[in-house]
$ cat my_file.cif   # mmCIF, N, CA and C atoms
data_target
loop_
_atom_site.label_atom_id
_atom_site.label_comp_id
_atom_site.auth_asym_id
_atom_site.auth_seq_id
_atom_site.Cartn_x
_atom_site.Cartn_y
_atom_site.Cartn_z
N MET J 1059 0.82 -1.19 0.00
CA MET J 1059 0.00 0.00 0.00
C MET J 1059 0.86 1.25 0.00
N ASP J 1060 2.03 1.18 -0.61
CA ASP J 1060 2.87 2.35 -0.69
C ASP J 1060 2.29 3.30 -1.73
N GLY J 1061 2.94 4.45 -1.90
CA GLY J 1061 2.42 5.45 -2.81
C GLY J 1061 2.20 4.92 -4.21
N LYS J 1062 3.12 4.07 -4.71
CA LYS J 1062 2.95 3.52 -6.05
C LYS J 1062 1.73 2.64 -6.12
N GLN J 1063 1.50 1.84 -5.09
CA GLN J 1063 0.33 0.99 -5.10
C GLN J 1063 -0.94 1.81 -4.99
N ALA J 1064 -0.91 2.86 -4.19
CA ALA J 1064 -2.10 3.68 -4.02
C ALA J 1064 -2.51 4.31 -5.35
N HIS J 1065 -1.55 4.57 -6.22
CA HIS J 1065 -1.86 5.18 -7.50
C HIS J 1065 -2.12 4.13 -8.57
N GLY J 1066 -2.18 2.85 -8.18
CA GLY J 1066 -2.54 1.78 -9.10
C GLY J 1066 -1.42 1.34 -10.02
N GLN J 1067 -0.18 1.75 -9.75
CA GLN J 1067 0.91 1.37 -10.63
C GLN J 1067 1.39 -0.05 -10.38
N LYS J 1068 1.26 -0.55 -9.17
CA LYS J 1068 1.76 -1.89 -8.87
C LYS J 1068 0.66 -2.82 -8.38
N SER J 1069 -0.28 -2.29 -7.68
CA SER J 1069 -1.25 -3.13 -6.99
C SER J 1069 -2.35 -3.61 -7.91
N GLY J 1070 -2.72 -4.89 -7.74
CA GLY J 1070 -3.85 -5.43 -8.46
C GLY J 1070 -5.11 -5.40 -7.60
N ARG J 1071 -5.09 -4.66 -6.51
CA ARG J 1071 -6.21 -4.61 -5.59
C ARG J 1071 -7.40 -3.93 -6.24
N LYS J 1072 -8.58 -4.42 -5.93
CA LYS J 1072 -9.81 -3.87 -6.49
C LYS J 1072 -10.15 -2.53 -5.83
N ALA J 1073 -10.93 -1.74 -6.55
CA ALA J 1073 -11.35 -0.44 -6.03
C ALA J 1073 -12.10 -0.60 -4.72
N ALA J 1074 -12.91 -1.65 -4.59
CA ALA J 1074 -13.66 -1.87 -3.35
C ALA J 1074 -12.72 -2.14 -2.19
N ASP J 1075 -11.63 -2.87 -2.43
CA ASP J 1075 -10.65 -3.13 -1.39
C ASP J 1075 -9.96 -1.84 -0.97
N LYS J 1076 -9.62 -1.02 -1.93
CA LYS J 1076 -8.96 0.25 -1.65
C LYS J 1076 -9.89 1.18 -0.86
N PHE J 1077 -11.17 1.16 -1.21
CA PHE J 1077 -12.13 1.98 -0.48
C PHE J 1077 -12.26 1.49 0.96
N LEU J 1078 -12.34 0.18 1.14
CA LEU J 1078 -12.41 -0.39 2.49
C LEU J 1078 -11.19 0.03 3.29
N GLU J 1079 -10.02 -0.06 2.70
CA GLU J 1079 -8.79 0.33 3.40
C GLU J 1079 -8.82 1.80 3.79
N ALA J 1080 -9.28 2.67 2.88
CA ALA J 1080 -9.37 4.10 3.19
C ALA J 1080 -10.34 4.34 4.35
N CYS J 1081 -11.45 3.63 4.36
CA CYS J 1081 -12.42 3.77 5.45
C CYS J 1081 -11.81 3.33 6.77
N LEU J 1082 -11.09 2.22 6.75
CA LEU J 1082 -10.44 1.73 7.98
C LEU J 1082 -9.38 2.71 8.46
N LEU J 1083 -8.61 3.25 7.54
CA LEU J 1083 -7.61 4.25 7.93
C LEU J 1083 -8.27 5.46 8.58
N GLN J 1084 -9.39 5.91 8.00
CA GLN J 1084 -10.09 7.06 8.58
C GLN J 1084 -10.59 6.73 9.98
N LEU J 1085 -11.23 5.58 10.14
CA LEU J 1085 -11.74 5.20 11.46
C LEU J 1085 -10.62 5.12 12.48
N LEU J 1086 -9.50 4.54 12.08
CA LEU J 1086 -8.39 4.38 13.02
C LEU J 1086 -7.61 5.68 13.23
N SER J 1087 -7.79 6.65 12.35
CA SER J 1087 -7.18 7.96 12.59
C SER J 1087 -7.92 8.69 13.72
N GLU J 1088 -9.14 8.23 14.00
CA GLU J 1088 -9.95 8.82 15.07
C GLU J 1088 -9.73 8.13 16.41
N GLY J 1089 -9.06 6.98 16.40
CA GLY J 1089 -8.80 6.24 17.64
C GLY J 1089 -8.62 4.76 17.35
N THR J 1090 -8.21 4.02 18.36
CA THR J 1090 -7.98 2.59 18.18
C THR J 1090 -9.30 1.86 18.00
N GLY J 1091 -9.21 0.66 17.47
CA GLY J 1091 -10.42 -0.13 17.29
C GLY J 1091 -10.09 -1.60 17.11
N HIS J 1092 -11.06 -2.44 17.39
CA HIS J 1092 -10.90 -3.87 17.12
C HIS J 1092 -11.96 -4.29 16.11
N GLY J 1093 -11.79 -5.48 15.57
CA GLY J 1093 -12.56 -5.94 14.43
C GLY J 1093 -14.05 -5.71 14.46
N TYR J 1094 -14.72 -6.18 15.50
CA TYR J 1094 -16.18 -6.09 15.51
C TYR J 1094 -16.67 -4.66 15.62
N VAL J 1095 -15.97 -3.83 16.36
CA VAL J 1095 -16.35 -2.42 16.46
C VAL J 1095 -16.12 -1.73 15.11
N LEU J 1096 -14.98 -2.03 14.48
CA LEU J 1096 -14.71 -1.45 13.17
C LEU J 1096 -15.77 -1.88 12.16
N MET J 1097 -16.18 -3.13 12.24
CA MET J 1097 -17.21 -3.65 11.34
C MET J 1097 -18.48 -2.83 11.47
N GLU J 1098 -18.89 -2.52 12.68
CA GLU J 1098 -20.09 -1.71 12.91
C GLU J 1098 -19.89 -0.28 12.39
N GLN J 1099 -18.71 0.28 12.64
CA GLN J 1099 -18.45 1.67 12.25
C GLN J 1099 -18.37 1.84 10.73
N LEU J 1100 -18.03 0.79 10.01
CA LEU J 1100 -17.95 0.89 8.55
C LEU J 1100 -19.31 1.22 7.92
N GLY J 1101 -20.38 0.97 8.66
CA GLY J 1101 -21.72 1.28 8.17
C GLY J 1101 -21.89 2.75 7.81
N GLN J 1102 -21.17 3.63 8.50
CA GLN J 1102 -21.30 5.06 8.20
C GLN J 1102 -20.75 5.42 6.82
N PHE J 1103 -19.97 4.51 6.23
CA PHE J 1103 -19.44 4.72 4.88
C PHE J 1103 -20.16 3.86 3.85
N GLY J 1104 -21.28 3.27 4.25
CA GLY J 1104 -22.09 2.48 3.33
C GLY J 1104 -21.64 1.03 3.19
N ILE J 1105 -20.78 0.58 4.08
CA ILE J 1105 -20.32 -0.81 4.04
C ILE J 1105 -21.05 -1.54 5.16
N SER J 1106 -22.02 -2.35 4.79
CA SER J 1106 -22.83 -3.03 5.80
C SER J 1106 -22.16 -4.32 6.26
N ALA J 1107 -22.48 -4.72 7.46
CA ALA J 1107 -21.96 -5.98 8.01
C ALA J 1107 -22.45 -7.16 7.16
N ASP J 1108 -23.59 -7.03 6.54
CA ASP J 1108 -24.11 -8.09 5.66
C ASP J 1108 -23.26 -8.24 4.40
N ALA J 1109 -22.72 -7.12 3.92
CA ALA J 1109 -21.96 -7.13 2.68
C ALA J 1109 -20.49 -7.50 2.88
N LEU J 1110 -20.02 -7.41 4.12
CA LEU J 1110 -18.60 -7.66 4.41
C LEU J 1110 -18.47 -8.77 5.42
N ASN J 1111 -17.78 -9.80 5.04
CA ASN J 1111 -17.52 -10.93 5.93
C ASN J 1111 -16.45 -10.52 6.94
N ILE J 1112 -16.62 -10.92 8.19
CA ILE J 1112 -15.65 -10.55 9.23
C ILE J 1112 -14.26 -11.09 8.90
N SER J 1113 -14.18 -12.25 8.26
CA SER J 1113 -12.86 -12.78 7.92
C SER J 1113 -12.18 -11.91 6.85
N THR J 1114 -12.97 -11.32 5.95
CA THR J 1114 -12.43 -10.39 4.96
C THR J 1114 -11.89 -9.15 5.66
N LEU J 1115 -12.61 -8.67 6.65
CA LEU J 1115 -12.15 -7.51 7.41
C LEU J 1115 -10.82 -7.81 8.09
N TYR J 1116 -10.73 -8.93 8.78
CA TYR J 1116 -9.48 -9.26 9.48
C TYR J 1116 -8.34 -9.50 8.50
N ARG J 1117 -8.62 -10.09 7.36
CA ARG J 1117 -7.59 -10.30 6.35
C ARG J 1117 -7.07 -8.94 5.85
N THR J 1118 -7.99 -8.00 5.65
CA THR J 1118 -7.61 -6.65 5.21
C THR J 1118 -6.78 -5.95 6.28
N LEU J 1119 -7.19 -6.07 7.52
CA LEU J 1119 -6.43 -5.46 8.62
C LEU J 1119 -5.01 -6.03 8.69
N ARG J 1120 -4.88 -7.35 8.55
CA ARG J 1120 -3.55 -7.98 8.58
C ARG J 1120 -2.70 -7.50 7.41
N HIS J 1121 -3.31 -7.39 6.24
CA HIS J 1121 -2.61 -6.89 5.06
C HIS J 1121 -2.10 -5.47 5.29
N MET J 1122 -2.95 -4.63 5.85
CA MET J 1122 -2.58 -3.24 6.11
C MET J 1122 -1.49 -3.16 7.17
N GLU J 1123 -1.53 -4.05 8.14
CA GLU J 1123 -0.49 -4.07 9.17
C GLU J 1123 0.84 -4.52 8.55
N LYS J 1124 0.78 -5.53 7.71
CA LYS J 1124 1.99 -6.03 7.02
C LYS J 1124 2.61 -4.92 6.19
N ASP J 1125 1.77 -4.09 5.56
CA ASP J 1125 2.26 -2.98 4.74
C ASP J 1125 2.76 -1.80 5.57
N GLY J 1126 2.56 -1.86 6.88
CA GLY J 1126 3.06 -0.80 7.75
C GLY J 1126 2.10 0.35 7.97
N CYS J 1127 0.87 0.24 7.48
CA CYS J 1127 -0.11 1.32 7.66
C CYS J 1127 -0.81 1.25 9.01
N LEU J 1128 -0.81 0.07 9.60
CA LEU J 1128 -1.44 -0.13 10.91
C LEU J 1128 -0.46 -0.82 11.84
N LYS J 1129 -0.73 -0.67 13.11
CA LYS J 1129 -0.04 -1.43 14.15
C LYS J 1129 -1.14 -2.11 14.96
N SER J 1130 -0.78 -3.18 15.64
CA SER J 1130 -1.78 -3.83 16.49
C SER J 1130 -1.12 -4.29 17.78
N GLU J 1131 -1.94 -4.47 18.78
CA GLU J 1131 -1.48 -4.99 20.07
C GLU J 1131 -2.64 -5.75 20.70
N TRP J 1132 -2.30 -6.65 21.58
CA TRP J 1132 -3.33 -7.43 22.27
C TRP J 1132 -3.78 -6.64 23.49
N GLU J 1133 -5.08 -6.58 23.67
CA GLU J 1133 -5.66 -5.84 24.79
C GLU J 1133 -6.39 -6.82 25.68
N GLU J 1134 -6.01 -6.82 26.94
CA GLU J 1134 -6.73 -7.65 27.91
C GLU J 1134 -7.75 -6.79 28.61
N GLY J 1135 -8.78 -7.39 29.02
CA GLY J 1135 -9.79 -6.64 29.75
C GLY J 1135 -11.12 -7.35 29.67
N GLY J 1136 -11.85 -7.23 30.69
CA GLY J 1136 -13.16 -7.86 30.72
C GLY J 1136 -13.06 -9.36 30.85
N PRO J 1137 -14.20 -9.99 30.89
CA PRO J 1137 -14.24 -11.43 31.12
C PRO J 1137 -13.88 -12.27 29.90
N GLY J 1138 -13.91 -11.71 28.72
CA GLY J 1138 -13.68 -12.48 27.50
C GLY J 1138 -12.21 -12.63 27.17
N PRO J 1139 -11.95 -13.19 26.01
CA PRO J 1139 -10.56 -13.38 25.57
C PRO J 1139 -9.90 -12.05 25.20
N LYS J 1140 -8.59 -12.08 25.06
CA LYS J 1140 -7.86 -10.89 24.63
C LYS J 1140 -8.33 -10.51 23.23
N ARG J 1141 -8.29 -9.21 22.95
CA ARG J 1141 -8.68 -8.70 21.64
C ARG J 1141 -7.50 -8.00 20.99
N ARG J 1142 -7.39 -8.16 19.68
CA ARG J 1142 -6.36 -7.43 18.94
C ARG J 1142 -6.93 -6.05 18.63
N VAL J 1143 -6.22 -5.03 19.07
CA VAL J 1143 -6.63 -3.65 18.86
C VAL J 1143 -5.70 -3.03 17.82
N TYR J 1144 -6.29 -2.33 16.87
CA TYR J 1144 -5.53 -1.74 15.78
C TYR J 1144 -5.43 -0.23 15.95
N LEU J 1145 -4.30 0.32 15.50
CA LEU J 1145 -4.12 1.76 15.48
C LEU J 1145 -3.36 2.14 14.22
N ILE J 1146 -3.57 3.36 13.77
CA ILE J 1146 -2.94 3.82 12.53
C ILE J 1146 -1.49 4.21 12.81
N SER J 1147 -0.62 3.94 11.86
CA SER J 1147 0.79 4.32 11.96
C SER J 1147 1.00 5.64 11.22
N GLU J 1148 2.21 6.18 11.32
CA GLU J 1148 2.53 7.40 10.57
C GLU J 1148 2.41 7.14 9.07
N LYS J 1149 2.87 5.99 8.62
CA LYS J 1149 2.73 5.63 7.21
C LYS J 1149 1.25 5.57 6.83
N GLY J 1150 0.42 5.04 7.72
CA GLY J 1150 -1.01 4.97 7.46
C GLY J 1150 -1.65 6.34 7.34
N LYS J 1151 -1.19 7.29 8.14
CA LYS J 1151 -1.72 8.66 8.05
C LYS J 1151 -1.38 9.28 6.70
N LYS J 1152 -0.16 9.04 6.23
CA LYS J 1152 0.23 9.56 4.91
C LYS J 1152 -0.57 8.87 3.81
N GLU J 1153 -0.75 7.57 3.96
CA GLU J 1153 -1.52 6.81 2.97
C GLU J 1153 -2.96 7.30 2.92
N LEU J 1154 -3.53 7.62 4.07
CA LEU J 1154 -4.90 8.14 4.12
C LEU J 1154 -5.00 9.44 3.33
N GLU J 1155 -4.02 10.32 3.48
CA GLU J 1155 -4.02 11.58 2.72
C GLU J 1155 -4.02 11.30 1.22
N ILE J 1156 -3.18 10.35 0.79
CA ILE J 1156 -3.10 9.99 -0.63
C ILE J 1156 -4.44 9.44 -1.11
N ARG J 1157 -5.01 8.53 -0.32
CA ARG J 1157 -6.29 7.91 -0.72
C ARG J 1157 -7.40 8.94 -0.82
N ILE J 1158 -7.45 9.87 0.13
CA ILE J 1158 -8.51 10.89 0.11
C ILE J 1158 -8.37 11.76 -1.14
N GLN J 1159 -7.15 12.12 -1.51
CA GLN J 1159 -6.95 12.92 -2.73
C GLN J 1159 -7.41 12.14 -3.96
N MET J 1160 -7.11 10.84 -3.99
CA MET J 1160 -7.55 10.01 -5.12
C MET J 1160 -9.07 9.91 -5.17
N ILE J 1161 -9.70 9.74 -4.01
CA ILE J 1161 -11.16 9.63 -3.95
C ILE J 1161 -11.81 10.95 -4.38
N LYS J 1162 -11.23 12.07 -3.95
CA LYS J 1162 -11.77 13.37 -4.36
C LYS J 1162 -11.70 13.53 -5.88
N ALA J 1163 -10.58 13.13 -6.47
CA ALA J 1163 -10.44 13.23 -7.93
C ALA J 1163 -11.45 12.33 -8.63
N ARG J 1164 -11.61 11.11 -8.14
CA ARG J 1164 -12.57 10.19 -8.75
C ARG J 1164 -13.99 10.72 -8.57
N LYS J 1165 -14.31 11.26 -7.39
CA LYS J 1165 -15.64 11.80 -7.13
C LYS J 1165 -15.94 12.95 -8.09
N SER J 1166 -14.95 13.77 -8.35
CA SER J 1166 -15.14 14.89 -9.27
C SER J 1166 -15.51 14.37 -10.66
N GLY J 1167 -14.82 13.34 -11.11
CA GLY J 1167 -15.14 12.73 -12.41
C GLY J 1167 -16.52 12.11 -12.43
N ILE J 1168 -16.88 11.45 -11.34
CA ILE J 1168 -18.21 10.82 -11.24
C ILE J 1168 -19.29 11.89 -11.25
N ASP J 1169 -19.06 12.98 -10.53
CA ASP J 1169 -20.04 14.08 -10.52
C ASP J 1169 -20.23 14.66 -11.92
N ARG J 1170 -19.13 14.81 -12.66
CA ARG J 1170 -19.23 15.33 -14.03
C ARG J 1170 -20.01 14.35 -14.92
N LEU J 1171 -19.76 13.06 -14.77
CA LEU J 1171 -20.48 12.05 -15.55
C LEU J 1171 -21.97 12.10 -15.26
N ILE J 1172 -22.33 12.15 -13.99
CA ILE J 1172 -23.74 12.21 -13.60
C ILE J 1172 -24.39 13.48 -14.14
N GLY J 1173 -23.68 14.60 -14.07
CA GLY J 1173 -24.19 15.86 -14.61
C GLY J 1173 -24.43 15.78 -16.11
N ALA J 1174 -23.47 15.21 -16.83
CA ALA J 1174 -23.61 15.07 -18.28
C ALA J 1174 -24.78 14.17 -18.63
N TYR J 1175 -24.94 13.08 -17.88
CA TYR J 1175 -26.06 12.18 -18.10
C TYR J 1175 -27.38 12.90 -17.86
N GLY J 1176 -27.47 13.64 -16.79
CA GLY J 1176 -28.70 14.37 -16.49
C GLY J 1176 -29.05 15.38 -17.57
N ARG J 1177 -28.03 16.09 -18.05
CA ARG J 1177 -28.28 17.07 -19.12
C ARG J 1177 -28.74 16.38 -20.40
N SER J 1178 -28.13 15.25 -20.74
CA SER J 1178 -28.54 14.55 -21.96
C SER J 1178 -29.96 14.00 -21.83
N GLN J 1179 -30.34 13.57 -20.65
CA GLN J 1179 -31.70 13.08 -20.44
C GLN J 1179 -32.72 14.20 -20.54
N GLU J 1180 -32.37 15.38 -20.01
CA GLU J 1180 -33.26 16.53 -20.12
C GLU J 1180 -33.45 16.92 -21.59
N GLN J 1181 -32.36 16.92 -22.34
CA GLN J 1181 -32.45 17.26 -23.77
C GLN J 1181 -33.29 16.24 -24.52
N ALA J 1182 -33.12 14.97 -24.19
CA ALA J 1182 -33.88 13.91 -24.87
C ALA J 1182 -35.37 14.07 -24.60
N VAL J 1183 -35.73 14.40 -23.38
CA VAL J 1183 -37.15 14.57 -23.03
C VAL J 1183 -37.71 15.82 -23.71
N GLN J 1184 -36.93 16.88 -23.72
CA GLN J 1184 -37.40 18.13 -24.34
C GLN J 1184 -37.59 17.99 -25.84
N THR J 1185 -36.75 17.25 -26.49
CA THR J 1185 -36.86 17.12 -27.95
C THR J 1185 -37.68 15.91 -28.34
N ASP J 1186 -38.07 15.08 -27.37
CA ASP J 1186 -38.88 13.89 -27.59
C ASP J 1186 -38.29 13.03 -28.71
N ARG J 1187 -36.99 12.83 -28.63
CA ARG J 1187 -36.31 12.04 -29.65
C ARG J 1187 -35.97 10.65 -29.09
N PRO J 1188 -35.62 9.71 -29.96
CA PRO J 1188 -35.20 8.39 -29.47
C PRO J 1188 -34.04 8.52 -28.51
N GLY J 1189 -33.99 7.60 -27.57
CA GLY J 1189 -32.93 7.65 -26.57
C GLY J 1189 -33.37 8.35 -25.30
N THR J 1190 -34.68 8.49 -25.13
CA THR J 1190 -35.18 9.11 -23.92
C THR J 1190 -34.90 8.22 -22.73
N LYS J 1191 -35.07 8.79 -21.59
CA LYS J 1191 -34.78 8.08 -20.35
C LYS J 1191 -35.54 6.75 -20.27
N GLU J 1192 -36.81 6.74 -20.63
CA GLU J 1192 -37.61 5.53 -20.53
C GLU J 1192 -37.09 4.45 -21.46
N GLU J 1193 -36.69 4.84 -22.67
CA GLU J 1193 -36.17 3.85 -23.64
C GLU J 1193 -34.84 3.28 -23.19
N MET J 1194 -34.04 4.06 -22.48
CA MET J 1194 -32.74 3.59 -22.03
C MET J 1194 -32.84 2.63 -20.86
N LEU J 1195 -33.92 2.75 -20.09
CA LEU J 1195 -34.10 1.88 -18.95
C LEU J 1195 -34.66 0.59 -19.44
#
$ encode --input "my_file.cif" --output "structure tokens"
Amino acid sequence: MDGKQAHGQKSGRKAADKFLEACLLQLLSEGTGHGYVLMEQLGQFGISADALNISTLYRTLRHMEKDGCLKSEWEEGGPGPKRRVYLISEKGKKELEIRIQMIKARKSGIDRLIGAYGRSQEQAVQTDRPGTKEEML
């Protein structure tokens, strides 16, 4: 998850994986967390617990730790077993900045695409020509 990977030059990681990693980095920039709490918090970014398997989450966390973006430690407390608690590293903070800039650029392109689509649909309806919204659906 170094700068080259974040820009897609080396990594074969899917966009959904990169988005999940950015969300985890953001959550952990706000404080430490462990798997199940992070899973719940991901909902604020549109990632539901139903859509994400807990083993996928832990695999992603381990990957990010291996890349140096996260650190983890075992936390004892309460009656249950020890929990692995994750925190963001300095490298992770820099990576989060890179990811946010990439997401902003992509969002800008998506907004332009949606705007262009909306304008073309308005024109199609106004001119009542083939290719109207109903025909495209």
$ closest_residue --input "my_file.cif" --among "J:Asn1111, J:Pro1139, J:Ala1163, J:Glu1153" --to "J:Gly1126" --atoms "only C-alpha atoms"
J:Glu1153
$ resolve_selection --input "my_file.cif" --expression "the PyMOL selection byres ((chain J and resi 1089) around 6.5)" --output "ChimeraX atom specification"
/J:1085-1088,1090-1091,1144-1146
$ residues_around --input "my_file.cif" --residues "J:Trp1132" --least-positions-apart "3" --cutoff "6.5 Å" --atoms "only N, CA and C atoms" --output "MDAnalysis selection string"
chainID J and resid 1140:1143
$ write_last_selection --input "my_file.cif" --atoms "N, CA and C atoms" --output "tab-separated table (two decimals), keeping the file's coordinate frame"
chain	number	residue	atom	x	y	z
J	1140	LYS	N	-8.59	-12.08	25.06
J	1140	LYS	CA	-7.86	-10.89	24.63
J	1140	LYS	C	-8.33	-10.51	23.23
J	1141	ARG	N	-8.29	-9.21	22.95
J	1141	ARG	CA	-8.68	-8.70	21.64
J	1141	ARG	C	-7.50	-8.00	20.99
J	1142	ARG	N	-7.39	-8.16	19.68
J	1142	ARG	CA	-6.36	-7.43	18.94
J	1142	ARG	C	-6.93	-6.05	18.63
J	1143	VAL	N	-6.22	-5.03	19.07
J	1143	VAL	CA	-6.63	-3.65	18.86
J	1143	VAL	C	-5.70	-3.03	17.82
$ resolve_selection --input "my_file.cif" --expression "the PyMOL selection byres (((chain J and resi 1161 and name CA) around 12) and name CA)" --output "list of chain:residue names"
J:Ala1064, J:His1065, J:Ala1073, J:Ala1074, J:Lys1076, J:Phe1077, J:Leu1078, J:Ala1080, J:Cys1081, J:Leu1154, J:Glu1155, J:Ile1156, J:Arg1157, J:Ile1158, J:Gln1159, J:Met1160, J:Lys1162, J:Ala1163, J:Arg1164, J:Lys1165, J:Ser1166, J:Gly1167, J:Ile1168, J:Asp1169
$ atom_distance --input "my_file.cif" --atom1 "atom CA of J:Leu1096" --atom2 "atom CA of J:Asp1125"
19.0 Å
$ closest_residue --input "my_file.cif" --among "J:Thr1114, J:His1092, J:Ser1106, J:Asp1186" --to "J:Ser1130" --atoms "only C-alpha atoms"
J:His1092
$ residues_near_point --input "my_file.cif" --point "(-12.2, -4.4, 10.5)" --cutoff "8 Å" --atoms "only C-alpha atoms" --output "number ranges by chain"
J: 1082, 1092-1097, 1112, 1115-1116, 1118-1119
$ select_by_dssp --input "my_file.cif" --residues "chain J" --states "strand (DSSP E or B)" --output "VMD selection string"
chain J and resid 1091 1128 to 1133 1141 to 1146
$ select_by_dssp --input "my_file.cif" --residues "stretch 1064-1102 of chain J" --states "helix (DSSP H, G or I)" --output "compact mmCIF listing (two decimals) with N, CA and C atoms, keeping the file's coordinate frame"
# COMPACT_ATOMS: atom_id res chain seq x y z
N ALA J 1064 -0.91 2.86 -4.19
CA ALA J 1064 -2.10 3.68 -4.02
C ALA J 1064 -2.51 4.31 -5.35
N ALA J 1073 -10.93 -1.74 -6.55
CA ALA J 1073 -11.35 -0.44 -6.03
C ALA J 1073 -12.10 -0.60 -4.72
N ALA J 1074 -12.91 -1.65 -4.59
CA ALA J 1074 -13.66 -1.87 -3.35
C ALA J 1074 -12.72 -2.14 -2.19
N ASP J 1075 -11.63 -2.87 -2.43
CA ASP J 1075 -10.65 -3.13 -1.39
C ASP J 1075 -9.96 -1.84 -0.97
N LYS J 1076 -9.62 -1.02 -1.93
CA LYS J 1076 -8.96 0.25 -1.65
C LYS J 1076 -9.89 1.18 -0.86
N PHE J 1077 -11.17 1.16 -1.21
CA PHE J 1077 -12.13 1.98 -0.48
C PHE J 1077 -12.26 1.49 0.96
N LEU J 1078 -12.34 0.18 1.14
CA LEU J 1078 -12.41 -0.39 2.49
C LEU J 1078 -11.19 0.03 3.29
N GLU J 1079 -10.02 -0.06 2.70
CA GLU J 1079 -8.79 0.33 3.40
C GLU J 1079 -8.82 1.80 3.79
N ALA J 1080 -9.28 2.67 2.88
CA ALA J 1080 -9.37 4.10 3.19
C ALA J 1080 -10.34 4.34 4.35
N CYS J 1081 -11.45 3.63 4.36
CA CYS J 1081 -12.42 3.77 5.45
C CYS J 1081 -11.81 3.33 6.77
N LEU J 1082 -11.09 2.22 6.75
CA LEU J 1082 -10.44 1.73 7.98
C LEU J 1082 -9.38 2.71 8.46
N LEU J 1083 -8.61 3.25 7.54
CA LEU J 1083 -7.61 4.25 7.93
C LEU J 1083 -8.27 5.46 8.58
N GLN J 1084 -9.39 5.91 8.00
CA GLN J 1084 -10.09 7.06 8.58
C GLN J 1084 -10.59 6.73 9.98
N LEU J 1085 -11.23 5.58 10.14
CA LEU J 1085 -11.74 5.20 11.46
C LEU J 1085 -10.62 5.12 12.48
N LEU J 1086 -9.50 4.54 12.08
CA LEU J 1086 -8.39 4.38 13.02
C LEU J 1086 -7.61 5.68 13.23
N SER J 1087 -7.79 6.65 12.35
CA SER J 1087 -7.18 7.96 12.59
C SER J 1087 -7.92 8.69 13.72
N GLY J 1093 -11.79 -5.48 15.57
CA GLY J 1093 -12.56 -5.94 14.43
C GLY J 1093 -14.05 -5.71 14.46
N TYR J 1094 -14.72 -6.18 15.50
CA TYR J 1094 -16.18 -6.09 15.51
C TYR J 1094 -16.67 -4.66 15.62
N VAL J 1095 -15.97 -3.83 16.36
CA VAL J 1095 -16.35 -2.42 16.46
C VAL J 1095 -16.12 -1.73 15.11
N LEU J 1096 -14.98 -2.03 14.48
CA LEU J 1096 -14.71 -1.45 13.17
C LEU J 1096 -15.77 -1.88 12.16
N MET J 1097 -16.18 -3.13 12.24
CA MET J 1097 -17.21 -3.65 11.34
C MET J 1097 -18.48 -2.83 11.47
N GLU J 1098 -18.89 -2.52 12.68
CA GLU J 1098 -20.09 -1.71 12.91
C GLU J 1098 -19.89 -0.28 12.39
N GLN J 1099 -18.71 0.28 12.64
CA GLN J 1099 -18.45 1.67 12.25
C GLN J 1099 -18.37 1.84 10.73
N LEU J 1100 -18.03 0.79 10.01
CA LEU J 1100 -17.95 0.89 8.55
C LEU J 1100 -19.31 1.22 7.92
N GLY J 1101 -20.38 0.97 8.66
CA GLY J 1101 -21.72 1.28 8.17
C GLY J 1101 -21.89 2.75 7.81
N GLN J 1102 -21.17 3.63 8.50
CA GLN J 1102 -21.30 5.06 8.20
C GLN J 1102 -20.75 5.42 6.82
$ atom_distance --input "my_file.cif" --atom1 "atom CA of J:Ile1172" --atom2 "atom CA of J:Gly1104"
19.6 Å
$ axis_aligned_box --input "my_file.cif" --around "stretch 1085-1088 of chain J" --padding-each-side "6 Å" --output "AutoDock Vina command-line options"
--center_x -9.5 --center_y 6.6 --center_z 13.3 --size_x 16.6 --size_y 16.4 --size_z 18.3
$ atom_distance --input "my_file.cif" --atom1 "atom CA of J:Lys1149" --atom2 "atom CA of J:Ala1107"
27.3 Å
$ decode --input "my_file.cif" --residues "stretch 1124-1133 of chain J" --atoms "N, CA and C atoms" --output "JSON list (two decimals), in the first residue's frame"
[["chain", "number", "residue", "atom", "x", "y", "z"],
["J", 1124, "LYS", "N", 0.78, -5.53, 7.71],
["J", 1124, "LYS", "CA", 1.99, -6.03, 7.02],
["J", 1124, "LYS", "C", 2.61, -4.92, 6.19],
["J", 1125, "ASP", "N", 1.77, -4.09, 5.56],
["J", 1125, "ASP", "CA", 2.26, -2.98, 4.74],
["J", 1125, "ASP", "C", 2.76, -1.80, 5.57],
["J", 1126, "GLY", "N", 2.56, -1.86, 6.88],
["J", 1126, "GLY", "CA", 3.06, -0.80, 7.75],
["J", 1126, "GLY", "C", 2.10, 0.35, 7.97],
["J", 1127, "CYS", "N", 0.87, 0.24, 7.48],
["J", 1127, "CYS", "CA", -0.11, 1.32, 7.66],
["J", 1127, "CYS", "C", -0.81, 1.25, 9.01],
["J", 1128, "LEU", "N", -0.81, 0.07, 9.60],
["J", 1128, "LEU", "CA", -1.44, -0.13, 10.91],
["J", 1128, "LEU", "C", -0.46, -0.82, 11.84],
["J", 1129, "LYS", "N", -0.73, -0.67, 13.11],
["J", 1129, "LYS", "CA", -0.04, -1.43, 14.15],
["J", 1129, "LYS", "C", -1.14, -2.11, 14.96],
["J", 1130, "SER", "N", -0.78, -3.18, 15.64],
["J", 1130, "SER", "CA", -1.78, -3.83, 16.49],
["J", 1130, "SER", "C", -1.12, -4.29, 17.78],
["J", 1131, "GLU", "N", -1.94, -4.47, 18.78],
["J", 1131, "GLU", "CA", -1.48, -4.99, 20.07],
["J", 1131, "GLU", "C", -2.64, -5.75, 20.70],
["J", 1132, "TRP", "N", -2.30, -6.65, 21.58],
["J", 1132, "TRP", "CA", -3.33, -7.43, 22.27],
["J", 1132, "TRP", "C", -3.78, -6.64, 23.49],
["J", 1133, "GLU", "N", -5.08, -6.58, 23.67],
["J", 1133, "GLU", "CA", -5.66, -5.84, 24.79],
["J", 1133, "GLU", "C", -6.39, -6.82, 25.68]]
